[in-house]
$ cat my_file.cif   # mmCIF, C-alpha atoms
data_model
#
loop_
_atom_site.label_atom_id
_atom_site.label_comp_id
_atom_site.auth_asym_id
_atom_site.auth_seq_id
_atom_site.Cartn_x
_atom_site.Cartn_y
_atom_site.Cartn_z
CA MET Q 252 -15.59 9.25 10.86
CA LYS Q 253 -14.02 8.13 14.12
CA ASN Q 254 -13.10 10.38 17.02
CA GLY Q 255 -13.98 13.34 14.80
CA TYR Q 256 -11.49 12.47 12.03
CA GLU Q 257 -11.93 11.71 8.37
CA ILE Q 258 -10.13 8.40 7.81
CA ILE Q 259 -8.69 6.86 4.65
CA ASP Q 260 -7.38 3.31 4.78
CA ALA Q 261 -4.53 3.48 2.25
CA HIS Q 262 -3.78 -0.24 1.99
CA CYS Q 263 -6.57 -2.73 1.18
CA HIS Q 264 -6.48 -5.84 -1.00
CA ILE Q 265 -9.64 -7.02 -2.76
CA TYR Q 266 -10.32 -10.07 -4.92
CA PRO Q 267 -13.22 -11.37 -7.03
CA GLU Q 268 -15.70 -13.36 -4.98
CA LYS Q 269 -14.90 -16.65 -6.75
CA ILE Q 270 -11.19 -16.58 -5.91
CA ALA Q 271 -11.11 -14.54 -2.70
CA TYR Q 272 -10.90 -17.50 -0.32
CA LYS Q 273 -7.99 -19.06 -2.20
CA ALA Q 274 -6.17 -15.73 -2.56
CA VAL Q 275 -6.49 -14.86 1.12
CA LYS Q 276 -5.33 -18.31 2.20
CA GLY Q 277 -2.33 -18.05 -0.09
CA THR Q 278 -1.26 -14.79 1.51
CA ASP Q 279 -1.87 -16.21 4.97
CA THR Q 280 0.45 -19.10 4.16
CA PHE Q 281 3.10 -16.74 2.79
CA TYR Q 282 3.14 -14.71 6.03
CA GLY Q 283 2.14 -17.35 8.55
CA ILE Q 284 -0.97 -15.54 9.76
CA THR Q 285 -4.74 -16.00 9.73
CA SER Q 286 -6.56 -13.11 8.09
CA LYS Q 287 -9.52 -11.59 9.86
CA HIS Q 288 -11.69 -10.91 6.80
CA LEU Q 289 -12.90 -12.29 3.45
CA GLY Q 290 -10.98 -10.14 0.98
CA THR Q 291 -13.94 -8.96 -1.11
CA ALA Q 292 -15.13 -5.43 -1.81
CA SER Q 293 -18.54 -6.10 -0.30
CA ASP Q 294 -16.95 -7.38 2.92
CA LEU Q 295 -14.60 -4.39 2.99
CA ILE Q 296 -17.56 -2.02 2.86
CA LYS Q 297 -18.98 -3.72 5.94
CA GLN Q 298 -15.84 -2.71 7.81
CA LYS Q 299 -16.72 0.91 7.10
CA GLU Q 300 -19.63 0.77 9.49
CA LEU Q 301 -17.74 -1.26 12.08
CA SER Q 302 -14.59 0.87 12.13
CA GLY Q 303 -15.55 4.40 11.11
CA ILE Q 304 -13.25 4.43 8.06
CA ASP Q 305 -14.56 6.74 5.34
CA LYS Q 306 -12.66 5.61 2.26
CA PHE Q 307 -10.50 2.68 1.18
CA ILE Q 308 -7.58 2.58 -1.27
CA VAL Q 309 -8.04 -0.81 -2.97
CA GLN Q 310 -5.61 -2.88 -5.00
CA SER Q 311 -4.48 -6.32 -6.06
CA VAL Q 312 -1.22 -7.77 -7.41
CA ALA Q 313 -0.52 -9.47 -10.75
CA THR Q 314 1.62 -12.59 -10.44
CA THR Q 315 1.85 -13.04 -14.22
CA PRO Q 316 1.85 -10.47 -17.05
CA HIS Q 317 -1.44 -11.69 -18.51
CA GLN Q 318 -3.25 -10.91 -15.23
CA VAL Q 319 -2.50 -7.18 -15.36
CA LYS Q 320 -5.38 -6.13 -17.63
CA SER Q 321 -8.04 -8.22 -15.91
CA ILE Q 322 -6.96 -7.20 -12.41
CA ASN Q 323 -6.94 -3.52 -13.28
CA GLU Q 324 -10.37 -3.79 -14.89
CA PHE Q 325 -11.67 -5.66 -11.84
CA VAL Q 326 -10.38 -3.02 -9.42
CA ALA Q 327 -11.82 -0.23 -11.58
CA SER Q 328 -15.21 -1.97 -11.71
CA GLU Q 329 -15.36 -2.34 -7.93
CA VAL Q 330 -14.39 1.32 -7.50
CA SER Q 331 -17.20 2.25 -9.88
CA LEU Q 332 -19.65 0.13 -7.90
CA PHE Q 333 -18.60 1.54 -4.52
CA GLY Q 334 -17.31 4.85 -5.85
CA ASN Q 335 -18.05 7.04 -2.87
CA PHE Q 336 -15.99 4.81 -0.60
CA MET Q 337 -13.16 3.42 -2.75
CA VAL Q 338 -10.18 4.66 -4.74
CA GLY Q 339 -8.30 2.18 -6.92
CA LEU Q 340 -4.67 1.45 -7.63
CA GLY Q 341 -3.58 -0.55 -10.64
CA THR Q 342 -0.94 -3.23 -10.86
CA LEU Q 343 1.93 -3.88 -13.27
CA HIS Q 344 4.08 -6.95 -13.81
CA GLN Q 345 7.82 -6.69 -14.23
CA ASN Q 346 7.91 -9.12 -17.17
CA SER Q 347 5.17 -7.53 -19.24
CA GLU Q 348 6.10 -6.89 -22.87
CA THR Q 349 3.47 -4.14 -23.11
CA MET Q 350 4.39 -2.04 -20.10
CA GLU Q 351 3.50 1.38 -21.45
CA GLU Q 352 0.19 0.08 -22.82
CA ASP Q 353 -0.52 -1.36 -19.37
CA VAL Q 354 0.18 2.02 -17.77
CA LEU Q 355 -1.98 3.89 -20.25
CA HIS Q 356 -4.80 1.40 -19.73
CA LEU Q 357 -4.82 1.80 -15.95
CA LEU Q 358 -4.82 5.58 -16.41
CA GLU Q 359 -7.81 5.30 -18.74
CA LEU Q 360 -9.55 3.26 -16.05
CA GLY Q 361 -9.11 6.13 -13.59
CA LEU Q 362 -6.74 4.28 -11.27
CA LYS Q 363 -4.60 6.55 -9.10
CA GLY Q 364 -1.30 4.70 -8.77
CA VAL Q 365 0.44 1.34 -8.99
CA LYS Q 366 0.75 -1.47 -6.46
CA LEU Q 367 3.82 -3.73 -6.58
CA HIS Q 368 4.73 -6.63 -4.32
CA PRO Q 369 8.29 -7.65 -5.22
CA ASP Q 370 8.33 -10.70 -2.96
CA ILE Q 371 5.13 -12.22 -4.30
CA GLN Q 372 5.98 -11.09 -7.86
CA ASN Q 373 9.51 -12.39 -7.32
CA PHE Q 374 11.83 -9.65 -8.56
CA LYS Q 375 14.67 -7.57 -7.18
CA ILE Q 376 13.49 -4.02 -7.55
CA ASN Q 377 16.80 -2.39 -8.46
CA GLU Q 378 17.71 -4.61 -11.41
CA GLU Q 379 18.02 -2.30 -14.40
CA ARG Q 380 15.76 -4.42 -16.60
CA TYR Q 381 12.86 -3.35 -14.37
CA PHE Q 382 13.63 0.37 -14.50
CA ILE Q 383 10.99 0.81 -17.19
CA ILE Q 384 8.38 0.55 -14.43
CA TYR Q 385 9.84 3.51 -12.56
CA GLU Q 386 10.47 5.49 -15.73
CA LEU Q 387 6.85 5.20 -16.78
CA CYS Q 388 5.41 5.87 -13.34
CA GLU Q 389 7.61 8.93 -13.08
CA LYS Q 390 6.61 10.05 -16.59
CA TYR Q 391 2.89 9.72 -15.89
CA ASN Q 392 3.06 10.94 -12.29
CA LEU Q 393 1.84 7.65 -10.82
CA PRO Q 394 2.78 6.97 -7.19
CA ILE Q 395 3.88 3.42 -6.44
CA LEU Q 396 2.61 1.68 -3.32
CA MET Q 397 5.27 -0.97 -2.89
CA HIS Q 398 5.55 -3.80 -0.43
CA THR Q 399 8.92 -3.18 1.20
CA GLY Q 400 11.05 -5.33 3.46
CA ASP Q 401 11.27 -8.94 4.53
CA TYR Q 402 13.98 -10.56 6.61
CA ARG Q 403 13.54 -13.77 4.56
CA TYR Q 404 14.18 -12.25 1.12
CA ASP Q 405 16.31 -9.64 -0.61
CA ASN Q 406 13.93 -8.15 -3.13
CA SER Q 407 12.73 -4.89 -1.59
CA ASN Q 408 14.89 -4.23 1.45
CA PRO Q 409 16.57 -0.81 1.83
CA ASN Q 410 19.70 -1.86 -0.08
CA ARG Q 411 17.46 -2.48 -3.11
CA LEU Q 412 15.17 0.50 -2.61
CA ILE Q 413 17.73 3.26 -2.04
CA PRO Q 414 19.14 3.08 -5.61
CA ILE Q 415 15.60 3.56 -6.96
CA LEU Q 416 14.95 6.57 -4.74
CA GLU Q 417 18.27 8.12 -5.73
CA THR Q 418 17.83 7.48 -9.46
CA PHE Q 419 14.17 8.45 -9.87
CA LYS Q 420 13.94 11.56 -7.74
CA ASN Q 421 10.61 12.70 -9.21
CA LEU Q 422 8.98 9.33 -8.53
CA THR Q 423 6.87 8.96 -5.41
CA ILE Q 424 7.16 5.62 -3.65
CA ILE Q 425 5.01 4.70 -0.67
CA GLY Q 426 6.77 1.94 1.23
CA ALA Q 427 4.24 -0.34 2.86
CA HIS Q 428 4.80 -1.48 6.44
CA PHE Q 429 6.88 1.51 7.55
CA GLY Q 430 9.27 0.88 4.66
CA GLY Q 431 10.35 -2.55 5.83
CA TRP Q 432 8.08 -5.36 6.96
CA SER Q 433 9.76 -7.32 9.76
CA ILE Q 434 12.73 -4.90 9.73
CA TYR Q 435 10.73 -1.80 10.63
CA ASP Q 436 13.19 0.08 12.82
CA LYS Q 437 16.26 -0.73 10.74
CA ALA Q 438 14.53 0.26 7.49
CA SER Q 439 13.24 3.54 8.88
CA LYS Q 440 16.74 4.58 9.93
CA GLN Q 441 18.04 4.02 6.41
CA LEU Q 442 15.11 5.43 4.45
CA CYS Q 443 13.86 8.39 6.44
CA GLY Q 444 16.02 10.94 4.63
CA TYR Q 445 14.52 10.52 1.14
CA GLU Q 446 12.03 13.25 0.27
CA ASN Q 447 10.32 11.17 -2.43
CA PHE Q 448 9.67 8.30 -0.02
CA TYR Q 449 6.53 7.92 2.08
CA VAL Q 450 5.31 5.00 4.17
CA ASP Q 451 2.13 3.41 5.43
CA CYS Q 452 1.75 1.78 8.83
CA SER Q 453 -0.02 -1.38 7.67
CA SER Q 454 0.93 -4.82 9.04
CA SER Q 455 3.18 -3.20 11.61
CA PHE Q 456 1.28 -2.42 14.80
CA TYR Q 457 0.68 -6.10 15.59
CA CYS Q 458 4.34 -6.61 16.44
CA LEU Q 459 5.60 -3.17 17.49
CA GLU Q 460 5.71 -1.65 20.95
CA LYS Q 461 3.94 1.70 20.99
CA ASP Q 462 7.11 3.61 21.78
CA THR Q 463 8.81 2.02 18.77
CA ALA Q 464 5.89 2.77 16.47
CA LYS Q 465 5.84 6.39 17.58
CA THR Q 466 9.62 6.68 17.15
CA ILE Q 467 9.36 5.38 13.58
CA ILE Q 468 6.53 7.80 12.77
CA ASN Q 469 8.52 10.71 14.14
CA ARG Q 470 11.61 9.56 12.26
CA TYR Q 471 9.83 9.75 8.92
CA GLY Q 472 7.76 12.77 9.96
CA THR Q 473 3.98 12.87 10.07
CA ASP Q 474 3.91 14.53 6.62
CA ARG Q 475 5.12 11.23 5.14
CA VAL Q 476 3.06 8.56 6.93
CA LEU Q 477 -0.29 7.13 5.79
CA PHE Q 478 -2.70 5.03 7.79
CA GLY Q 479 -3.37 1.55 6.36
CA THR Q 480 -4.69 -1.77 7.64
CA ASP Q 481 -3.61 -4.29 4.98
CA TYR Q 482 -7.19 -5.56 4.74
CA PRO Q 483 -8.12 -8.43 4.86
CA MET Q 484 -5.31 -9.31 7.28
CA TRP Q 485 -6.21 -7.18 10.28
CA ASN Q 486 -9.20 -5.77 12.11
CA ALA Q 487 -9.59 -2.10 11.23
CA LYS Q 488 -11.11 -1.11 14.58
CA THR Q 489 -8.18 -2.69 16.44
CA GLU Q 490 -5.67 -0.96 14.15
CA LEU Q 491 -7.35 2.41 14.70
CA ASP Q 492 -7.55 1.94 18.46
CA TYR Q 493 -3.81 1.24 18.50
CA PHE Q 494 -3.12 4.28 16.33
CA PHE Q 495 -5.12 6.63 18.56
CA SER Q 496 -3.38 5.22 21.64
CA LEU Q 497 -0.13 6.74 20.34
CA ASN Q 498 -1.54 10.12 21.43
CA LEU Q 499 -0.32 12.15 18.49
CA THR Q 500 -1.56 15.71 18.12
CA ARG Q 501 -4.76 16.45 16.24
CA GLU Q 502 -2.78 17.97 13.35
CA GLU Q 503 -0.55 14.88 13.16
CA ASN Q 504 -3.57 12.56 13.23
CA GLU Q 505 -5.27 14.48 10.43
CA LYS Q 506 -2.21 14.19 8.19
CA ILE Q 507 -1.74 10.46 8.72
CA LEU Q 508 -5.41 9.51 8.66
CA SER Q 509 -6.40 11.35 5.48
CA LYS Q 510 -4.52 14.45 4.34
CA ASN Q 511 -1.34 12.71 3.21
CA ALA Q 512 -3.24 10.11 1.18
CA LYS Q 513 -5.37 12.80 -0.45
CA LYS Q 514 -2.29 14.75 -1.47
CA LEU Q 515 -0.29 11.80 -2.82
CA LEU Q 516 -3.14 10.11 -4.69
CA ASN Q 517 -4.94 13.26 -5.81
CA ILE Q 518 -8.17 12.30 -4.08
#
$ encode --input "my_file.cif" --output "structure tokens"
Amino acid sequence: MKNGYEIIDAHCHIYPEKIAYKAVKGTDTFYGITSKHLGTASDLIKQKELSGIDKFIVQSVATTPHQVKSINEFVASEVSLFGNFMVGLGTLHQNSETMEEDVLHLLELGLKGVKLHPDIQNFKINEERYFIIYELCEKYNLPILMHTGDYRYDNSNPNRLIPILETFKNLTIIGAHFGGWSIYDKASKQLCGYENFYVDCSSSFYCLEKDTAKTIINRYGTDRVLFGTDYPMWNAKTELDYFFSLNLTREENEKILSKNAKKLLNI
């Protein structure tokens, strides 16, 4: 609890201890930043006491098809170990030849949704050969937390995402980084009208003026925004302090900090 609110961090990456350093450094290089934390579940739990966050939505991304099973089993095992404080998302890979089996396996593991990162996984999300991902997630009622946006690439920008939202209207997509990392304002203007589209605020506050952040939140509506830190990149206490400085109403804070995540991920 912080400031009297239950808080769910809806965007956290975790890695096995033996590869965490390499994985975090790889992401740092990709984005040109220096992460604040170690990227392990045990380190993430330490942030609970330091920040006041009550629960973490944890995930990782498969960069090859053969990683899917092991990553999903790893995430599920960490959730089991820290079950009171973690909820897990699975991953899929666009080139898997056993996509439905992968989906059924992550469901059996108790994972609550699917994490995709089209830039790191290197695929354009609206190519029809990848529609099987959306068909299956829609069929099994699995929300997708998707990295969205990047001025350097054209994999998950609004022009790619809108056809998915319009084709799979019963599929819930949560667009990380206000729906468009590095193109936050532009993306929000194009995506705010889609009822099946939600966003998190992770990896956004560090480069947004408060007035702009508040405008984007209001554009989407507080029913469709989730709080997230993108652990291990950022300091959770700093992210929360920024969020509370926006001076939203108590009802709006409650929705963004926990209620929306609970509803979407059936927590």
$ closest_atom_pairs --input "my_file.cif" --of "range 399-512 of chain Q" --to "range 268-279 of chain Q" --cutoff "12 Å" --atoms "all atoms listed in the file" --output "JSON lines"
{"residue": "Q:Asp481", "atom": "CA", "partner": "Q:Thr278", "partner_atom": "CA", "distance": 11.3}
{"residue": "Q:Tyr482", "atom": "CA", "partner": "Q:Val275", "partner_atom": "CA", "distance": 10.0}
{"residue": "Q:Pro483", "atom": "CA", "partner": "Q:Val275", "partner_atom": "CA", "distance": 7.6}
{"residue": "Q:Met484", "atom": "CA", "partner": "Q:Asp279", "partner_atom": "CA", "distance": 8.0}
{"residue": "Q:Trp485", "atom": "CA", "partner": "Q:Asp279", "partner_atom": "CA", "distance": 11.3}
$ atom_distance --input "my_file.cif" --atom1 "CA of Asp305 in chain Q" --atom2 "CA of Ile284 in chain Q"
26.5 Å
$ residues_around --input "my_file.cif" --residues "Val450 in chain Q" --least-positions-apart "2" --cutoff "7 Å" --atoms "all atoms listed in the file" --output "NGL selection string"
:Q and (425-430 or 448 or 452 or 475-477)
$ closest_residue --input "my_file.cif" --among "Q:Ile384, Q:Ile468, Q:Ala438, Q:Ile371" --to "Asn406 in chain Q" --atoms "only C-alpha atoms"
Q:Ile371
$ residues_around --input "my_file.cif" --residues "Leu301 in chain Q" --least-positions-apart "3" --cutoff "9 Å" --atoms "only C-alpha atoms" --output "ChimeraX atom specification"
/Q:297-298,304,487-488
$ resolve_selection --input "my_file.cif" --expression "the PyMOL selection byres ((chain Q and resi 344-348) around 10)" --output "VMD selection string"
chain Q and resid 312 to 319 342 to 343 349 to 353 366 to 369 372 to 376 380 to 384
$ resolve_selection --input "my_file.cif" --expression "the PyMOL selection byres ((chain Q and resi 325-327) around 8)" --output "list in words"
Ile265, Pro267, Val309, Gln310, Ser311, Ser321, Ile322, Asn323, Glu324, Ser328, Glu329, Val330, Ser331, Gly339, Leu340, Gly341, Leu360, Gly361 and Leu362 of chain Q
$ resolve_selection --input "my_file.cif" --expression "the PyMOL selection byres ((chain Q and resi 512-518) around 9)" --output "compact mmCIF listing (two decimals) with C-alpha atoms, in the coordinates of the input"
# COMPACT_ATOMS: atom_id res chain seq x y z
CA ILE Q 259 -8.69 6.86 4.65
CA ASP Q 260 -7.38 3.31 4.78
CA ALA Q 261 -4.53 3.48 2.25
CA VAL Q 338 -10.18 4.66 -4.74
CA LYS Q 363 -4.60 6.55 -9.10
CA GLY Q 364 -1.30 4.70 -8.77
CA LEU Q 393 1.84 7.65 -10.82
CA PRO Q 394 2.78 6.97 -7.19
CA THR Q 423 6.87 8.96 -5.41
CA VAL Q 476 3.06 8.56 6.93
CA LEU Q 477 -0.29 7.13 5.79
CA PHE Q 478 -2.70 5.03 7.79
CA LYS Q 506 -2.21 14.19 8.19
CA ILE Q 507 -1.74 10.46 8.72
CA LEU Q 508 -5.41 9.51 8.66
CA SER Q 509 -6.40 11.35 5.48
CA LYS Q 510 -4.52 14.45 4.34
CA ASN Q 511 -1.34 12.71 3.21
$ closest_residue --input "my_file.cif" --among "Q:Met252, Q:Leu332, Q:Leu416, Q:Ile467" --to "Ser455 in chain Q" --atoms "only C-alpha atoms"
Q:Ile467
$ atom_distance --input "my_file.cif" --atom1 "CA of Thr399 in chain Q" --atom2 "CA of Gly431 in chain Q"
4.9 Å
$ residues_around --input "my_file.cif" --residues "range 495-504 of chain Q" --least-positions-apart "4" --cutoff "7 Å" --atoms "only C-alpha atoms" --output "list in words"
Lys461, Lys465, Thr473, Leu491 and Leu508 of chain Q
